[in-house]
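Source file: input-v9.cif; contents: mmCIF, C-alpha atoms, pLDDT in the B column; chains and numbers go by the auth columns.
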```
data_model
loop_
_atom_site.group_PDB
_atom_site.id
_atom_site.type_symbol
_atom_site.label_atom_id
_atom_site.label_comp_id
_atom_site.label_asym_id
_atom_site.label_seq_id
_atom_site.Cartn_x
_atom_site.Cartn_y
_atom_site.Cartn_z
_atom_site.B_iso_or_equiv
_atom_site.auth_seq_id
_atom_site.auth_asym_id
ATOM 1 C CA MET A 1 -6.447 -9.851 11.692 50.00 1107 A
ATOM 2 C CA ALA A 2 -10.028 -8.612 11.979 54.00 1108 A
ATOM 3 C CA THR A 3 -12.753 -10.812 13.373 50.00 1109 A
ATOM 4 C CA ILE A 4 -15.813 -11.214 11.190 49.00 1110 A
ATOM 5 C CA LEU A 5 -19.043 -11.609 13.103 44.00 1111 A
ATOM 6 C CA GLN A 6 -21.779 -13.765 11.648 43.00 1112 A
ATOM 7 C CA ASP A 7 -25.397 -13.927 12.732 47.00 1113 A
ATOM 8 C CA ARG A 8 -26.551 -17.311 13.882 52.00 1114 A
ATOM 9 C CA PRO A 9 -29.180 -18.846 11.621 55.00 1115 A
ATOM 10 C CA GLU A 10 -32.755 -17.807 12.336 82.00 1116 A
ATOM 11 C CA ILE A 11 -34.582 -20.566 14.167 89.00 1117 A
ATOM 12 C CA GLU A 12 -38.308 -21.263 14.236 91.00 1118 A
ATOM 13 C CA TYR A 13 -39.948 -23.651 16.688 91.00 1119 A
ATOM 14 C CA LEU A 14 -42.898 -25.989 16.365 92.00 1120 A
ATOM 15 C CA ASP A 15 -43.966 -27.783 19.541 91.00 1121 A
ATOM 16 C CA GLY A 16 -40.545 -27.239 21.079 91.00 1122 A
ATOM 17 C CA ARG A 17 -38.597 -28.596 18.108 92.00 1123 A
ATOM 18 C CA PRO A 18 -36.193 -26.160 16.388 91.00 1124 A
ATOM 19 C CA TYR A 19 -36.287 -25.672 12.620 91.00 1125 A
ATOM 20 C CA PRO A 20 -33.602 -23.478 11.028 88.00 1126 A
ATOM 21 C CA LYS A 21 -34.876 -21.054 8.412 85.00 1127 A
ATOM 22 C CA VAL A 22 -33.357 -21.612 5.003 78.00 1128 A
ATOM 23 C CA SER A 23 -30.910 -18.955 3.855 72.00 1129 A
ATOM 24 C CA PRO A 24 -32.763 -17.021 1.142 76.00 1130 A
ATOM 25 C CA LYS A 25 -31.405 -16.527 -2.353 86.00 1131 A
ATOM 26 C CA MET A 26 -32.061 -13.704 -4.830 92.00 1132 A
ATOM 27 C CA SER A 27 -35.277 -15.190 -6.290 92.00 1133 A
ATOM 28 C CA HIS A 28 -36.691 -15.633 -2.793 93.00 1134 A
ATOM 29 C CA GLY A 29 -35.889 -12.023 -1.901 93.00 1135 A
ATOM 30 C CA LEU A 30 -37.380 -10.614 -5.094 95.00 1136 A
ATOM 31 C CA VAL A 31 -40.638 -12.525 -4.597 96.00 1137 A
ATOM 32 C CA GLN A 32 -40.751 -11.620 -0.901 96.00 1138 A
ATOM 33 C CA LEU A 33 -40.353 -7.908 -1.692 97.00 1139 A
ATOM 34 C CA ALA A 34 -42.968 -8.022 -4.469 97.00 1140 A
ATOM 35 C CA LEU A 35 -45.453 -9.687 -2.129 98.00 1141 A
ATOM 36 C CA ALA A 36 -44.798 -7.182 0.664 98.00 1142 A
ATOM 37 C CA ARG A 37 -45.364 -4.260 -1.720 98.00 1143 A
ATOM 38 C CA VAL A 38 -48.552 -5.694 -3.230 98.00 1144 A
ATOM 39 C CA ILE A 39 -50.022 -6.652 0.150 98.00 1145 A
ATOM 40 C CA ALA A 40 -49.182 -3.234 1.605 98.00 1146 A
ATOM 41 C CA ASP A 41 -50.789 -1.475 -1.369 98.00 1147 A
ATOM 42 C CA CYS A 42 -53.936 -3.588 -1.029 98.00 1148 A
ATOM 43 C CA ALA A 43 -54.093 -3.257 2.762 97.00 1149 A
ATOM 44 C CA GLY A 44 -53.747 0.506 2.775 96.00 1150 A
ATOM 45 C CA ALA A 45 -54.443 1.830 6.286 96.00 1151 A
ATOM 46 C CA ARG A 46 -56.093 -1.420 7.449 96.00 1152 A
ATOM 47 C CA GLY A 47 -52.951 -2.711 9.083 96.00 1153 A
ATOM 48 C CA PHE A 48 -49.270 -3.467 8.934 96.00 1154 A
ATOM 49 C CA VAL A 49 -47.259 -5.514 6.448 97.00 1155 A
ATOM 50 C CA VAL A 50 -43.904 -6.671 7.762 95.00 1156 A
ATOM 51 C CA PRO A 51 -41.158 -9.029 6.610 94.00 1157 A
ATOM 52 C CA GLU A 52 -39.405 -11.502 8.892 92.00 1158 A
ATOM 53 C CA VAL A 53 -41.133 -10.649 12.201 93.00 1159 A
ATOM 54 C CA ARG A 54 -41.338 -13.283 14.936 92.00 1160 A
ATOM 55 C CA PHE A 55 -44.813 -14.401 16.026 93.00 1161 A
ATOM 56 C CA ASP A 56 -45.403 -16.575 19.095 92.00 1162 A
ATOM 57 C CA PRO A 57 -48.619 -18.564 18.514 89.00 1163 A
ATOM 58 C CA GLY A 58 -47.575 -21.025 21.204 82.00 1164 A
ATOM 59 C CA ALA A 59 -48.008 -18.360 23.910 73.00 1165 A
ATOM 60 C CA ALA A 60 -51.795 -18.176 23.675 65.00 1166 A
ATOM 61 C CA ALA A 61 -52.258 -21.855 22.844 60.00 1167 A
ATOM 62 C CA GLY A 62 -50.346 -22.974 25.918 64.00 1168 A
ATOM 63 C CA THR A 63 -48.341 -25.469 23.871 69.00 1169 A
ATOM 64 C CA LYS A 64 -44.648 -26.189 23.802 82.00 1170 A
ATOM 65 C CA LYS A 65 -42.539 -23.400 22.321 89.00 1171 A
ATOM 66 C CA THR A 66 -43.927 -22.507 18.893 91.00 1172 A
ATOM 67 C CA GLU A 67 -42.538 -19.420 17.159 92.00 1173 A
ATOM 68 C CA PHE A 68 -42.704 -18.617 13.455 94.00 1174 A
ATOM 69 C CA VAL A 69 -41.004 -15.983 11.315 94.00 1175 A
ATOM 70 C CA PRO A 70 -43.123 -15.682 8.156 96.00 1176 A
ATOM 71 C CA ASP A 71 -41.456 -14.189 5.097 96.00 1177 A
ATOM 72 C CA VAL A 72 -44.236 -11.594 4.983 97.00 1178 A
ATOM 73 C CA ALA A 73 -47.028 -11.022 7.494 98.00 1179 A
ATOM 74 C CA TYR A 74 -50.095 -8.805 7.685 98.00 1180 A
ATOM 75 C CA LEU A 75 -51.474 -7.743 11.057 96.00 1181 A
ATOM 76 C CA SER A 76 -54.579 -5.565 11.280 96.00 1182 A
ATOM 77 C CA ARG A 77 -54.547 -2.338 13.253 94.00 1183 A
ATOM 78 C CA GLU A 78 -57.278 -3.701 15.541 94.00 1184 A
ATOM 79 C CA ARG A 79 -55.310 -6.780 16.523 93.00 1185 A
ATOM 80 C CA ARG A 80 -52.121 -4.796 17.102 92.00 1186 A
ATOM 81 C CA LEU A 81 -53.947 -2.236 19.251 90.00 1187 A
ATOM 82 C CA GLU A 82 -55.039 -5.068 21.573 91.00 1188 A
ATOM 83 C CA LEU A 83 -51.392 -5.804 22.326 89.00 1189 A
ATOM 84 C CA THR A 84 -49.179 -4.249 24.983 86.00 1190 A
ATOM 85 C CA GLY A 85 -45.533 -4.499 25.969 87.00 1191 A
ATOM 86 C CA GLU A 86 -43.575 -7.363 24.451 87.00 1192 A
ATOM 87 C CA GLY A 87 -46.694 -8.566 22.619 85.00 1193 A
ATOM 88 C CA ARG A 88 -46.463 -5.539 20.325 90.00 1194 A
ATOM 89 C CA GLU A 89 -42.989 -6.679 19.269 91.00 1195 A
ATOM 90 C CA LYS A 90 -43.616 -10.433 19.201 91.00 1196 A
ATOM 91 C CA PRO A 91 -47.370 -11.006 18.886 93.00 1197 A
ATOM 92 C CA PRO A 92 -48.670 -14.001 20.878 92.00 1198 A
ATOM 93 C CA PHE A 93 -50.658 -15.366 17.931 93.00 1199 A
ATOM 94 C CA SER A 94 -50.308 -15.862 14.182 95.00 1200 A
ATOM 95 C CA PRO A 95 -50.821 -12.944 11.794 97.00 1201 A
ATOM 96 C CA GLU A 96 -54.088 -12.720 9.851 97.00 1202 A
ATOM 97 C CA LEU A 97 -52.053 -13.292 6.688 98.00 1203 A
ATOM 98 C CA ALA A 98 -48.843 -15.316 6.728 98.00 1204 A
ATOM 99 C CA VAL A 99 -46.745 -15.708 3.593 98.00 1205 A
ATOM 100 C CA GLU A 100 -44.111 -18.378 3.142 97.00 1206 A
ATOM 101 C CA VAL A 101 -41.901 -18.165 0.042 96.00 1207 A
ATOM 102 C CA ARG A 102 -40.412 -21.543 -0.795 94.00 1208 A
ATOM 103 C CA SER A 103 -36.737 -22.202 -1.209 89.00 1209 A
ATOM 104 C CA PRO A 104 -35.472 -25.309 -3.044 84.00 1210 A
ATOM 105 C CA SER A 105 -34.272 -26.934 0.168 83.00 1211 A
ATOM 106 C CA ASP A 106 -37.475 -26.328 2.197 86.00 1212 A
ATOM 107 C CA ASP A 107 -38.870 -29.241 4.200 90.00 1213 A
ATOM 108 C CA LEU A 108 -42.393 -29.544 2.756 92.00 1214 A
ATOM 109 C CA ARG A 109 -43.613 -31.711 5.657 94.00 1215 A
ATOM 110 C CA TYR A 110 -42.637 -28.976 8.102 94.00 1216 A
ATOM 111 C CA LEU A 111 -44.257 -26.368 5.846 95.00 1217 A
ATOM 112 C CA ALA A 112 -47.551 -28.305 5.885 96.00 1218 A
ATOM 113 C CA LYS A 113 -47.479 -28.523 9.709 95.00 1219 A
ATOM 114 C CA LYS A 114 -46.630 -24.840 9.935 95.00 1220 A
ATOM 115 C CA ILE A 115 -49.516 -23.839 7.653 97.00 1221 A
ATOM 116 C CA ALA A 116 -51.940 -25.901 9.754 96.00 1222 A
ATOM 117 C CA ARG A 117 -50.661 -24.245 12.936 94.00 1223 A
ATOM 118 C CA TYR A 118 -50.940 -20.753 11.428 96.00 1224 A
ATOM 119 C CA LEU A 119 -54.596 -21.445 10.625 96.00 1225 A
ATOM 120 C CA ALA A 120 -55.258 -22.899 14.083 93.00 1226 A
ATOM 121 C CA THR A 121 -53.736 -19.894 15.881 93.00 1227 A
ATOM 122 C CA GLY A 122 -55.136 -16.797 14.199 92.00 1228 A
ATOM 123 C CA SER A 123 -54.306 -16.738 10.500 97.00 1229 A
ATOM 124 C CA VAL A 124 -57.287 -16.493 8.169 97.00 1230 A
ATOM 125 C CA LEU A 125 -55.111 -16.978 5.094 98.00 1231 A
ATOM 126 C CA VAL A 126 -51.682 -18.499 4.478 98.00 1232 A
ATOM 127 C CA LEU A 127 -49.931 -18.126 1.136 98.00 1233 A
ATOM 128 C CA ASP A 128 -47.446 -20.801 0.111 98.00 1234 A
ATOM 129 C CA VAL A 129 -45.547 -19.196 -2.755 98.00 1235 A
ATOM 130 C CA ASP A 130 -43.316 -21.210 -5.075 97.00 1236 A
ATOM 131 C CA PRO A 131 -40.982 -19.063 -7.213 96.00 1237 A
ATOM 132 C CA LYS A 132 -39.835 -22.109 -9.195 94.00 1238 A
ATOM 133 C CA THR A 133 -43.294 -23.046 -10.484 96.00 1239 A
ATOM 134 C CA ARG A 134 -44.692 -19.464 -10.272 97.00 1240 A
ATOM 135 C CA LEU A 135 -47.585 -20.779 -8.177 97.00 1241 A
ATOM 136 C CA ILE A 136 -49.385 -19.293 -5.166 98.00 1242 A
ATOM 137 C CA ILE A 137 -51.251 -21.793 -3.010 98.00 1243 A
ATOM 138 C CA ALA A 138 -53.773 -20.135 -0.692 98.00 1244 A
ATOM 139 C CA HIS A 139 -54.711 -22.027 2.475 98.00 1245 A
ATOM 140 C CA ALA A 140 -57.752 -21.066 4.547 98.00 1246 A
ATOM 141 C CA THR A 141 -60.030 -22.943 6.918 94.00 1247 A
ATOM 142 C CA ASP A 142 -62.440 -23.552 4.032 95.00 1248 A
ATOM 143 C CA GLY A 143 -59.833 -25.240 1.835 96.00 1249 A
ATOM 144 C CA VAL A 144 -56.999 -24.695 -0.607 98.00 1250 A
ATOM 145 C CA ARG A 145 -56.952 -22.728 -3.861 98.00 1251 A
ATOM 146 C CA GLU A 146 -54.160 -22.444 -6.414 98.00 1252 A
ATOM 147 C CA TYR A 147 -53.301 -19.382 -8.455 98.00 1253 A
ATOM 148 C CA ALA A 148 -50.977 -19.844 -11.426 97.00 1254 A
ATOM 149 C CA ARG A 149 -49.347 -17.459 -13.870 95.00 1255 A
ATOM 150 C CA GLY A 150 -51.841 -15.421 -15.819 97.00 1256 A
ATOM 151 C CA SER A 151 -54.474 -15.561 -13.072 98.00 1257 A
ATOM 152 C CA HIS A 152 -55.895 -12.925 -10.760 98.00 1258 A
ATOM 153 C CA PHE A 153 -55.612 -13.500 -7.012 98.00 1259 A
ATOM 154 C CA GLU A 154 -58.663 -12.879 -4.861 98.00 1260 A
ATOM 155 C CA HIS A 155 -59.879 -14.785 -1.844 98.00 1261 A
ATOM 156 C CA PRO A 156 -62.968 -14.436 0.371 97.00 1262 A
ATOM 157 C CA ALA A 157 -60.856 -14.693 3.552 97.00 1263 A
ATOM 158 C CA LEU A 158 -59.345 -11.266 2.784 98.00 1264 A
ATOM 159 C CA PRO A 159 -61.520 -9.662 0.074 97.00 1265 A
ATOM 160 C CA TRP A 160 -59.388 -6.513 -0.084 98.00 1266 A
ATOM 161 C CA LEU A 161 -56.360 -8.553 -1.213 98.00 1267 A
ATOM 162 C CA GLN A 162 -56.496 -8.688 -5.022 98.00 1268 A
ATOM 163 C CA PHE A 163 -53.625 -8.688 -7.501 98.00 1269 A
ATOM 164 C CA ASP A 164 -52.332 -10.235 -10.706 98.00 1270 A
ATOM 165 C CA VAL A 165 -50.173 -13.258 -9.958 98.00 1271 A
ATOM 166 C CA ASP A 166 -47.710 -12.311 -12.708 97.00 1272 A
ATOM 167 C CA ALA A 167 -46.812 -9.134 -10.763 97.00 1273 A
ATOM 168 C CA ILE A 168 -45.331 -11.251 -7.976 98.00 1274 A
ATOM 169 C CA PHE A 169 -42.961 -13.107 -10.284 97.00 1275 A
ATOM 170 C CA ALA A 170 -42.214 -10.320 -12.806 96.00 1276 A
ATOM 171 C CA ASP A 171 -38.637 -9.701 -11.620 95.00 1277 A
ATOM 172 C CA LEU A 172 -37.679 -13.366 -11.934 94.00 1278 A
ATOM 173 C CA ASP A 173 -37.758 -13.306 -15.734 81.00 1279 A
ATOM 174 C CA PRO A 174 -36.000 -10.114 -16.841 71.00 1280 A
#
```
Go through the file and emit its structure as structure tokens.
Amino acid sequence: MATILQDRPEIEYLDGRPYPKVSPKMSHGLVQLALARVIADCAGARGFVVPEVRFDPGAAAGTKKTEFVPDVAYLSRERRLELTGEGREKPPFSPELAVEVRSPSDDLRYLAKKIARYLATGSVLVLDVDPKTRLIIAHATDGVREYARGSHFEHPALPWLQFDVDAIFADLDP
């Protein structure tokens, strides 16, 4: 009988406490891919858009182990060029843009703490995206803005990032 290997669940850490990432479903994946494409198109040659890459904002902050794996992240060329060795693979800060796509079983208290930590450790914008309500909640140091269906996303934290919100959720309603 053949042995089937299974990957252990992805774990994030906040102040030394482990938080398992929720296993994504189809809606999550479709929204994640749409966001990655749109962000990459808007970013052009400015930087890199990557899904599911581990960032280590606890390294620079000198706190207990804090590592996040955003669903989508944007890292500028300038910030990546500053990195060497292992830092190029697991940056020791948060990405300029971190995107978290909600799943029904997400712990919203943990998400709120995570968003605050992203902003405190290098992110200028964090998108909390809810496929169920078709809502994008943009968090920046100057406050929170919501973008619903039918609206156009633009934010002063990253002026080059502009798109129609409906494009992100288009594949959810065939």
Open item on the list: For the PyMOL selection byres ((chain A and resi 1149) around 12), applied here, can you spell out every residue it catches as a PyMOL selection string?
Closed with: chain A and resi 1141-1148+1150-1156+1179-1183+1202-1203+1264-1269
**Q.** Residue contacts of stretch 1229-1241 of chain A (9 Å, all atoms listed in the file) excluding same-chain residues fewer than 6 positions away, as a ChimeraX atom specification
**A.** /A:1133-1134,1137,1199-1210,1217,1221,1223,1247,1252-1255,1261,1263-1264,1271-1272,1274-1275,1278
If you take only C-alpha atoms and a cut-off of 9 Å, which residues of stretch 1189-1257 of chain A touch stretch 1124-1132 of chain A, and what are their nearest atom pairs and distances in Å to one decimal, in chain and number order, as a Markdown table?
```
| residue | atom | partner | partner_atom | distance |
| --- | --- | --- | --- | --- |
| A:Ser1209 | CA | A:Pro1130 | CA | 6.9 |
| A:Ser1211 | CA | A:Val1128 | CA | 7.2 |
| A:Asp1212 | CA | A:Val1128 | CA | 6.9 |
| A:Tyr1216 | CA | A:Tyr1125 | CA | 8.5 |
```
Output, as lines of an AutoDock Vina configuration file, the centre and edge lengths in Å (one decimal) of the axis-aligned box that contains all listed atoms of stretch 1224-1243 of chain A with 4 Å of margin on each side.
```
center_x = -48.6
center_y = -19.8
center_z = 2.7
size_x = 25.5
size_y = 14.6
size_z = 34.4
```
Quiz item: What do you get, as number ranges by chain, if you spell out every residue that the PyMOL selection byres ((chain A and resi 1197) around 10) selects here?
Solution: A: 1159-1163, 1165-1166, 1173, 1181, 1185-1186, 1189-1196, 1198-1201
Between atom CA of A:Phe1174 and atom CA of A:Leu1139, measure the distance and give it in Å to one decimal.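 The value is 18.7 Å.
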Residue with smallest distance to A:Gly1122 - pool A:Leu1136, A:Ser1257, A:Lys1170, A:Arg1251, counting only C-alpha atoms:
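Using only C-alpha atoms, A:Gly1122 sits closest to A:Lys1170.
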| request: Evaluate the PyMOL selection byres ((chain A and resi 1172) around 6) and record the selected residues as a PyMOL selection string, following the chain and residue labels used in the document. | output: chain A and resi 1119-1121+1164+1171+1173
